[in-house]
Amino acid sequence: MIQITLPDGSIKEFPKGTTPYEVAVSISEGLARNVLAAQLGDHVVGLATPITENTSLVLYTWNDTDGKDVFWHTSAHIMAAAIEQLYPGVKFGIGPAIENGFYYDIDFMNYTISSDDFPAIEAKMQEIIAQRPKLVKREVSKKEALDYFTQKGDEYKIELIRDLEDGTITFYESGHFVDLCRGPHLFDTAPIKAVKLLNTAGAYWRGDEKRKQLTRIYGITFPKKKELDEYLTLLEEAKKRDHRKLGKEMELFTFSQKVGAGLPIWLPKGTALRERLENFLKKVQKQYGYQQVMCPHIGNVELYKTSGHYQKYGADSFRPITTPQEGEEFFLKPMNCPHHCEIYASKPRSYRDLPLRLAEFGTVYRYEQSGELHGLTRVRGFTQDDAHIFCTPDQLKEEFCKVIDIILYIFKVLDFKDFIAQVSLRDPDNKEKYIGSDENWMKAEAAIIEAAAERGLNTTVVKGEAAFYGPKLDFMVKDAIGRKWQLGTVQVDYNLPERFELEYVSPDQQKLRPVMIHRAPFGSMERFVAVLLEHTAGEFPLWLTPDQVIILPISEKYQEYALKVKALLEEQEVRTLIDERSEKAGRKIRDAEISKIPFMLIVGEKEEESNMISVREHGVGDLGSMSVDGFVSLLQQKIKQELN
RNA sequence: GCCGUUGUAGCUCAGUGGUAGAGCACUUCCUUGGUAAGGAAGGGGUCACGAGUUCAACUCUCGUCAAUGGCUCCA
């Protein structure tokens with residue numbers, strides 16, 4: 001007999017060789033019906049794995065990430081099996097489960113695949129699933145594995161096997177399909193009830209752009225048809241929140257082929273929105289002791305040679321521009337920090353001047369690969385809410401903490417609850433990618449980790465994601481369709497002060513080097529507006545929204561009264577429109593609701609006589625009638641709450 | 001940059017080898033109304049751009065540009 005410890009702490013005895021499925025059966029019929037995978041000790045395993053020693057056991061269902069992983073991993077195999085039947089001779093790369101579904105990278109040889117082929121593949125998958133094949137694990141020797149795939153002619157699997165240790169190689173067989181796979185898998189295909197292939201894309205073999213590009217097919221499966229329908233509805237809903245669509249509808253920004261790819265042009269409403277965001281941040285920064293500065297949009301090549309950006313990015317930047325007579329080279333500004341270093345260097349600095357916090361809404365230009373451009377989130381010209389803090393090494397942690405405070409305050413005001421704080425360190429195996437001494441890197445990395453801990457941030461640490469000059473703390477949020485975008489960033493930098501030979505005089509008359517913090521709470525105005533649009537579905541907070549109030553006269557007879565109300569509101573800086581069309585009230589209300597304006601004021605005979613307004617709140621309904629003054633104080637109170 | 005898809009009116013989209021259509025929006029007129037669509041008429045498109053095939057190209061072929069889903073990249 002063996003002892004199995006369940007998650008509730010209870011210990012049960014079973015005969016040696018009992019499987020997780022049998023344990024599930026012993027617990028309840030419902031669990032046995034829903035269980036997908038299990039975890040023995042630290043390992044996720046299939047349900048048919050015999051348990052041979054005392055261990056802990058967790059049973060996973062669809063409600064667990066690990067259960068879904070196994071479910072989708074098996075689904076990827078089924079897709080591969082279907083594709084192999086439909087397109088004999090294709091070669092398979094890898095096919096893992098991902099956050100929402102799975103994919104398989106496939107070399108389709110001479111076939112070309114598009115989404116038009118999906119229904120046939122889905123049908124074949126359903127056919128295979130209906131046969132209910134078991135997924136049978138088989139341990140094979142390295143030689144046997146190599147022989148199998150050599151005979152099959154699949155060089156991708158051969159390459160994968162070469163990297164594996166003999167004795168750890170397993171195949172999974174489902175019907176006629178055999179795949180190299182670590183597992184685990186579902187016991188059989190019975191739980192898979194709904195199948196949908198989503199899209200196709202190119203993907204380099206092993207993520208290396210120098211190697212062959214395979215065709216990646218993304219798909220998702222569910223244990224219930226209804227869940228698939230809900231997921232597809234969710235995707236549809238997400239599309240409605242897409243900032244590219246909303247930005248166009250709300251007339252915030254646009255793009256023009258003539259202006260150029262990746263160069264957003266801001267329309268009046270979008271510009272006003274951006275300015276409100278900027279003023280909001282300026283006000284916060286002023287409280288934290290920042291000073292605003294301004295710099296030109298170009299800088300002499302020497303500036304970037306000094307900073308190190310030229311060596312690192314010169315070849316991949318917009319080509320330099322030159323003066324016609326002297327041939328002097330200038331780069332479009334890709335970063336604000338070198339300019340800010342020169343501001344620091346513009347006069348001798350004492351320890352009394354530190355921390356020196358220089359802030360600029362600096363527009364920068366970077367050459368992004370054409371395939372990378374995406375709405376406002378990835379562009380070639382954008383404005384950073386940048387600032388550089390020059391401080392003594394002793395002040396570093398406190399300054400870092402204050403920056404985190406600013407970012408957290410902004411996220412709170414704008415209701416970003418669901419963010420990821422990521423500490424990006426350098427790749428210890430690839431140090432030549434970075435500039436600066438080991439010692440400084442270690443100091444910088446320690447400072448970030450300590451500051452984040454001090455502010456109670458729940459961080460994830462990723463090696464190899466640091467900037468080339470220093471480690472960073474990034475704040476990321478997800479967009480409408482679940483893609484992660486980096487917003488706020490805080491970076492420690494010992495290198496630029498050194499390269500620019502920045503100094504301050506210490507109390508004992510020594511010349512010492514300051515430390516620098518780069519930070520941008522929004523990241524870029526463009527990306528932040530994009531993410532905010534998707535986050536709010538275009539229903540911005542009252543203080544930020546382009547139009548706060550629209551007046552809807554019942555008929556043209558009340559136009560004059562509407563104008564009077566508008567004037568009163570504008571005196572109080574309330575952003576107000578009038579719907580002057582000769583339409584019925586119902587129509588005006590409908591259009592105002594669709595345009596997401598927070599408040600509608602209905603004015604007609606009653607209101608004019610009593611010198612009142614009828615207020616309707618977007619998405620809420622009729623709030624009854626009140627005086628203009630009463631309405632203004634309602635707005636002011638609401639805004640105060642939002643900014644609190 | 002690479003692989004795939006797409007490009008027709010301001011927006012969303014139909015469409016055919018014989019130089020174009022719908023709904024919404026817009027303009028004008030009628031209507032003067034009370035909390036999610038009143039009615040009528042009208043204007044608006046070198047069918048992304050450039051070549052080629054053809055008697056004839058918006059339609060077929062090639063190229064360019066742009067957008068888009070990924071991959072790689074991201075100071």
# chains A, B, ... in the order shown; residues from 1 in each chain; ligands from 1
$ residues_around --residues "C13 of chain B" --least-positions-apart "4" --cutoff "10 Å" --atoms "only C-alpha atoms (C1' of nucleotides)" --output "list in words"
U8, A22 and G23 of chain B
$ residues_around --residues "Glu342 of chain A" --least-positions-apart "5" --cutoff "10 Å" --atoms "only C-alpha atoms (C1' of nucleotides)" --output "list of chain:residue names"
A:Leu303, A:Cys337, A:Lys347, A:Phe500, A:Leu502
$ write_last_selection --atoms "C-alpha atoms" --output "compact mmCIF listing (two decimals), in the first residue's frame"
# COMPACT_ATOMS: atom_id res chain seq x y z
CA LEU A 303 25.95 63.16 -28.64
CA CYS A 337 18.49 61.09 -21.88
CA LYS A 347 27.07 73.91 -14.92
CA PHE A 500 29.07 61.94 -20.06
CA LEU A 502 28.87 63.84 -14.96
$ residues_around --residues "segment 41-53 of chain B" --least-positions-apart "4" --cutoff "7 Å" --atoms "only C-alpha atoms (C1' of nucleotides)" --output "PyMOL selection string"
chain B and resi 7-9+27+58+65
$ interface_residues --of "chain A" --to "chain B" --cutoff "6 Å" --atoms "only C-alpha atoms (C1' of nucleotides)" --output "short mmCIF file (atom, residue, chain, number, x, y, z; two decimals) with all heavy atoms, in the first residue's frame"
data_model
loop_
_atom_site.label_atom_id
_atom_site.label_comp_id
_atom_site.auth_asym_id
_atom_site.auth_seq_id
_atom_site.Cartn_x
_atom_site.Cartn_y
_atom_site.Cartn_z
N ALA A 201 -0.05 32.05 -39.05
CA ALA A 201 1.00 33.06 -39.06
C ALA A 201 2.33 32.38 -39.34
O ALA A 201 2.47 31.18 -39.14
CB ALA A 201 1.06 33.77 -37.70
N GLY A 202 3.28 33.15 -39.79
CA GLY A 202 4.63 32.61 -39.97
C GLY A 202 5.36 32.64 -38.65
O GLY A 202 5.15 33.54 -37.85
N ALA A 203 6.20 31.66 -38.40
CA ALA A 203 6.99 31.66 -37.17
C ALA A 203 8.32 31.00 -37.48
O ALA A 203 8.37 29.91 -38.05
CB ALA A 203 6.26 30.90 -36.07
N TYR A 204 9.42 31.67 -37.12
CA TYR A 204 10.73 31.11 -37.41
C TYR A 204 10.97 29.88 -36.56
O TYR A 204 10.60 29.84 -35.38
CB TYR A 204 11.83 32.13 -37.10
CG TYR A 204 11.73 33.38 -37.93
CD1 TYR A 204 11.31 34.57 -37.39
CD2 TYR A 204 12.06 33.34 -39.28
CE1 TYR A 204 11.21 35.72 -38.15
CE2 TYR A 204 11.98 34.48 -40.06
CZ TYR A 204 11.55 35.67 -39.49
OH TYR A 204 11.45 36.79 -40.25
N GLU A 209 15.40 34.19 -36.55
CA GLU A 209 15.02 34.77 -37.83
C GLU A 209 15.92 34.34 -38.98
O GLU A 209 15.62 34.59 -40.14
CB GLU A 209 14.95 36.29 -37.73
CG GLU A 209 16.27 36.95 -37.43
CD GLU A 209 16.13 38.46 -37.33
OE1 GLU A 209 15.41 39.02 -38.14
OE2 GLU A 209 16.75 39.04 -36.42
N SER A 555 -36.81 71.14 -29.02
CA SER A 555 -37.06 71.61 -30.39
C SER A 555 -36.27 72.88 -30.61
O SER A 555 -35.63 73.39 -29.69
CB SER A 555 -38.56 71.87 -30.61
OG SER A 555 -38.89 73.15 -30.12
N LYS A 584 -35.98 64.52 -33.14
CA LYS A 584 -36.74 64.34 -31.90
C LYS A 584 -35.80 64.03 -30.75
O LYS A 584 -34.67 63.55 -30.95
CB LYS A 584 -37.70 63.16 -32.07
CG LYS A 584 -38.83 63.43 -33.01
CD LYS A 584 -39.81 62.27 -32.90
CE LYS A 584 -40.98 62.49 -33.84
NZ LYS A 584 -41.93 61.37 -33.76
N ARG A 587 -34.16 60.56 -30.62
CA ARG A 587 -33.05 60.37 -31.54
C ARG A 587 -31.77 61.01 -31.00
O ARG A 587 -30.69 60.43 -31.05
CB ARG A 587 -33.44 60.99 -32.89
CG ARG A 587 -32.34 60.90 -33.93
CD ARG A 587 -31.88 59.47 -34.09
NE ARG A 587 -30.79 59.38 -35.02
CZ ARG A 587 -30.94 59.27 -36.33
NH1 ARG A 587 -32.14 59.21 -36.86
NH2 ARG A 587 -29.89 59.18 -37.11
N ARG A 590 -30.36 58.90 -28.23
CA ARG A 590 -29.73 57.69 -28.75
C ARG A 590 -28.32 57.99 -29.27
O ARG A 590 -27.36 57.32 -28.95
CB ARG A 590 -30.60 57.10 -29.86
CG ARG A 590 -29.99 55.87 -30.49
CD ARG A 590 -30.80 55.40 -31.68
NE ARG A 590 -29.92 54.80 -32.68
CZ ARG A 590 -29.46 53.56 -32.60
NH1 ARG A 590 -29.83 52.79 -31.61
NH2 ARG A 590 -28.66 53.10 -33.52
#
$ atom_distance --atom1 "atom CA of Ile113 of chain A" --atom2 "atom CA of Lys91 of chain A"
13.8 Å
$ residues_around --residues "Ala194 of chain A" --least-positions-apart "2" --cutoff "7 Å" --atoms "only C-alpha atoms (C1' of nucleotides)" --output "PDB file with N, CA, C and O atoms, in the first residue's frame"
ATOM      1  N   ILE A 192     -12.765  16.598 -25.276  1.00  0.00           N
ATOM      2  CA  ILE A 192     -12.704  17.705 -26.242  1.00  0.00           C
ATOM      3  C   ILE A 192     -13.997  17.736 -27.056  1.00  0.00           C
ATOM      4  O   ILE A 192     -14.249  16.867 -27.874  1.00  0.00           O
ATOM      5  N   LYS A 196     -11.917  24.968 -32.578  1.00  0.00           N
ATOM      6  CA  LYS A 196     -11.917  26.126 -33.482  1.00  0.00           C
ATOM      7  C   LYS A 196     -10.478  26.527 -33.802  1.00  0.00           C
ATOM      8  O   LYS A 196      -9.685  26.760 -32.886  1.00  0.00           O
ATOM      9  N   THR A 221      -9.728  24.874 -28.049  1.00  0.00           N
ATOM     10  CA  THR A 221     -10.751  23.834 -27.877  1.00  0.00           C
ATOM     11  C   THR A 221     -11.374  23.991 -26.498  1.00  0.00           C
ATOM     12  O   THR A 221     -10.794  24.638 -25.622  1.00  0.00           O
ATOM     13  N   PHE A 222     -12.560  23.420 -26.347  1.00  0.00           N
ATOM     14  CA  PHE A 222     -13.278  23.520 -25.072  1.00  0.00           C
ATOM     15  C   PHE A 222     -13.992  22.213 -24.757  1.00  0.00           C
ATOM     16  O   PHE A 222     -14.327  21.455 -25.665  1.00  0.00           O
ATOM     17  N   PRO A 223     -14.274  22.001 -23.474  1.00  0.00           N
ATOM     18  CA  PRO A 223     -15.026  20.808 -23.095  1.00  0.00           C
ATOM     19  C   PRO A 223     -16.520  20.956 -23.389  1.00  0.00           C
ATOM     20  O   PRO A 223     -17.252  19.983 -23.332  1.00  0.00           O
ATOM     21  N   LYS A 224     -16.972  22.195 -23.667  1.00  0.00           N
ATOM     22  CA  LYS A 224     -18.383  22.406 -23.990  1.00  0.00           C
ATOM     23  C   LYS A 224     -18.494  23.364 -25.167  1.00  0.00           C
ATOM     24  O   LYS A 224     -17.762  24.343 -25.235  1.00  0.00           O
ATOM     25  N   LYS A 225     -19.443  23.077 -26.029  1.00  0.00           N
ATOM     26  CA  LYS A 225     -19.690  23.942 -27.180  1.00  0.00           C
ATOM     27  C   LYS A 225     -20.010  25.363 -26.727  1.00  0.00           C
ATOM     28  O   LYS A 225     -19.570  26.347 -27.315  1.00  0.00           O
ATOM     29  N   LEU A 228     -17.041  27.544 -26.090  1.00  0.00           N
ATOM     30  CA  LEU A 228     -16.432  28.060 -27.317  1.00  0.00           C
ATOM     31  C   LEU A 228     -17.201  29.279 -27.811  1.00  0.00           C
ATOM     32  O   LEU A 228     -16.610  30.304 -28.150  1.00  0.00           O
TER      33      LEU A 228
END
$ residues_around --residues "segment 278-282 of chain A" --least-positions-apart "5" --cutoff "10 Å" --atoms "only C-alpha atoms (C1' of nucleotides)" --output "list in words"
Ala272, Leu273, Gln287, Tyr288, Tyr290, Gln291, Gln292, Ala359, Glu360, Phe361, Asp385, Ile406, Ile407, Ile410, Pro521, Phe522, Met525, Trp543, Leu544 and Leu643 of chain A
$ residues_around --residues "segment 560-570 of chain A" --least-positions-apart "6" --cutoff "12 Å" --atoms "only C-alpha atoms (C1' of nucleotides)" --output "VMD selection string"
chain A and resid 547 to 554 576 to 580 600 to 614 627 to 633 635 to 636
$ write_last_selection --atoms "N, CA and C atoms" --output "CSV table (one decimal), in the first residue's frame"
chain,number,residue,atom,x,y,z
A,547,ASP,N,-15.6,65.3,-24.6
A,547,ASP,CA,-16.8,66.1,-24.4
A,547,ASP,C,-17.5,65.6,-23.2
A,548,GLN,N,-17.7,66.5,-22.3
A,548,GLN,CA,-18.3,66.1,-21.0
A,548,GLN,C,-19.8,66.1,-21.0
A,549,VAL,N,-20.4,67.1,-21.7
A,549,VAL,CA,-21.8,67.4,-21.6
A,549,VAL,C,-22.4,67.7,-23.0
A,550,ILE,N,-23.5,67.2,-23.4
A,550,ILE,CA,-24.2,67.6,-24.6
A,550,ILE,C,-25.6,68.1,-24.3
A,551,ILE,N,-25.9,69.2,-24.8
A,551,ILE,CA,-27.3,69.8,-24.5
A,551,ILE,C,-28.2,69.4,-25.7
A,552,LEU,N,-29.4,68.8,-25.3
A,552,LEU,CA,-30.3,68.4,-26.3
A,552,LEU,C,-31.6,69.2,-26.2
A,553,PRO,N,-31.7,70.2,-27.0
A,553,PRO,CA,-33.0,71.0,-27.0
A,553,PRO,C,-34.1,70.1,-27.6
A,554,ILE,N,-35.3,70.2,-26.9
A,554,ILE,CA,-36.5,69.4,-27.4
A,554,ILE,C,-36.9,69.9,-28.8
A,576,THR,N,-18.7,71.5,-23.4
A,576,THR,CA,-20.1,71.3,-23.7
A,576,THR,C,-20.4,71.4,-25.2
A,577,LEU,N,-21.3,70.5,-25.7
A,577,LEU,CA,-21.8,70.6,-27.1
A,577,LEU,C,-23.3,70.8,-27.0
A,578,ILE,N,-23.8,71.3,-28.2
A,578,ILE,CA,-25.3,71.3,-28.3
A,578,ILE,C,-25.7,70.5,-29.6
A,579,ASP,N,-26.7,69.7,-29.5
A,579,ASP,CA,-27.2,69.0,-30.7
A,579,ASP,C,-28.3,69.8,-31.3
A,580,GLU,N,-27.9,70.6,-32.3
A,580,GLU,CA,-28.8,71.5,-32.9
A,580,GLU,C,-29.7,71.0,-34.0
A,600,MET,N,-26.1,64.2,-20.6
A,600,MET,CA,-27.0,64.8,-21.6
A,600,MET,C,-27.9,65.7,-20.8
A,601,LEU,N,-28.1,66.9,-21.3
A,601,LEU,CA,-29.0,67.9,-20.7
A,601,LEU,C,-30.1,68.1,-21.6
A,602,ILE,N,-31.3,67.7,-21.2
A,602,ILE,CA,-32.5,67.9,-22.0
A,602,ILE,C,-33.2,69.2,-21.6
A,603,VAL,N,-33.3,70.1,-22.6
A,603,VAL,CA,-33.9,71.4,-22.3
A,603,VAL,C,-35.1,71.6,-23.2
A,604,GLY,N,-36.3,72.0,-22.6
A,604,GLY,CA,-37.5,72.3,-23.3
A,604,GLY,C,-38.3,73.3,-22.6
A,605,GLU,N,-39.6,73.3,-22.8
A,605,GLU,CA,-40.4,74.3,-22.2
A,605,GLU,C,-40.3,74.4,-20.7
A,606,LYS,N,-40.5,73.2,-20.1
A,606,LYS,CA,-40.4,73.1,-18.6
A,606,LYS,C,-39.1,73.7,-18.1
A,607,GLU,N,-38.0,73.3,-18.7
A,607,GLU,CA,-36.7,73.8,-18.2
A,607,GLU,C,-36.5,75.3,-18.4
A,608,GLU,N,-36.9,75.8,-19.5
A,608,GLU,CA,-36.8,77.2,-19.8
A,608,GLU,C,-37.6,78.0,-18.8
A,609,GLU,N,-38.8,77.6,-18.6
A,609,GLU,CA,-39.7,78.3,-17.6
A,609,GLU,C,-39.2,78.3,-16.2
A,610,SER,N,-38.6,77.2,-15.8
A,610,SER,CA,-38.2,77.1,-14.4
A,610,SER,C,-36.7,77.4,-14.3
A,611,ASN,N,-36.0,77.7,-15.4
A,611,ASN,CA,-34.6,78.0,-15.4
A,611,ASN,C,-33.8,76.8,-14.8
A,612,MET,N,-34.2,75.6,-15.3
A,612,MET,CA,-33.5,74.4,-14.8
A,612,MET,C,-33.0,73.6,-16.0
A,613,ILE,N,-32.4,72.4,-15.8
A,613,ILE,CA,-32.0,71.5,-16.8
A,613,ILE,C,-32.4,70.1,-16.4
A,614,SER,N,-32.8,69.2,-17.3
A,614,SER,CA,-33.0,67.8,-17.0
A,614,SER,C,-31.8,67.1,-17.4
A,627,SER,N,-30.7,72.7,-11.1
A,627,SER,CA,-30.2,74.0,-11.6
A,627,SER,C,-28.8,73.8,-12.3
A,628,VAL,N,-28.4,74.8,-13.1
A,628,VAL,CA,-27.1,74.6,-13.7
A,628,VAL,C,-26.0,74.6,-12.7
A,629,ASP,N,-26.2,75.4,-11.7
A,629,ASP,CA,-25.2,75.5,-10.6
A,629,ASP,C,-25.1,74.1,-9.9
A,630,GLY,N,-26.3,73.5,-9.6
A,630,GLY,CA,-26.3,72.2,-9.0
A,630,GLY,C,-25.6,71.2,-9.8
A,631,PHE,N,-25.8,71.3,-11.1
A,631,PHE,CA,-25.2,70.3,-12.0
A,631,PHE,C,-23.7,70.5,-12.0
A,632,VAL,N,-23.3,71.7,-12.1
A,632,VAL,CA,-21.8,72.0,-12.1
A,632,VAL,C,-21.2,71.4,-10.8
A,633,SER,N,-21.8,71.6,-9.7
A,633,SER,CA,-21.2,71.1,-8.5
A,633,SER,C,-21.2,69.6,-8.5
A,635,LEU,N,-20.8,67.8,-11.2
A,635,LEU,CA,-19.6,67.4,-12.0
A,635,LEU,C,-18.3,67.6,-11.2
A,636,GLN,N,-18.2,68.7,-10.5
A,636,GLN,CA,-17.0,69.0,-9.8
A,636,GLN,C,-16.7,67.9,-8.8
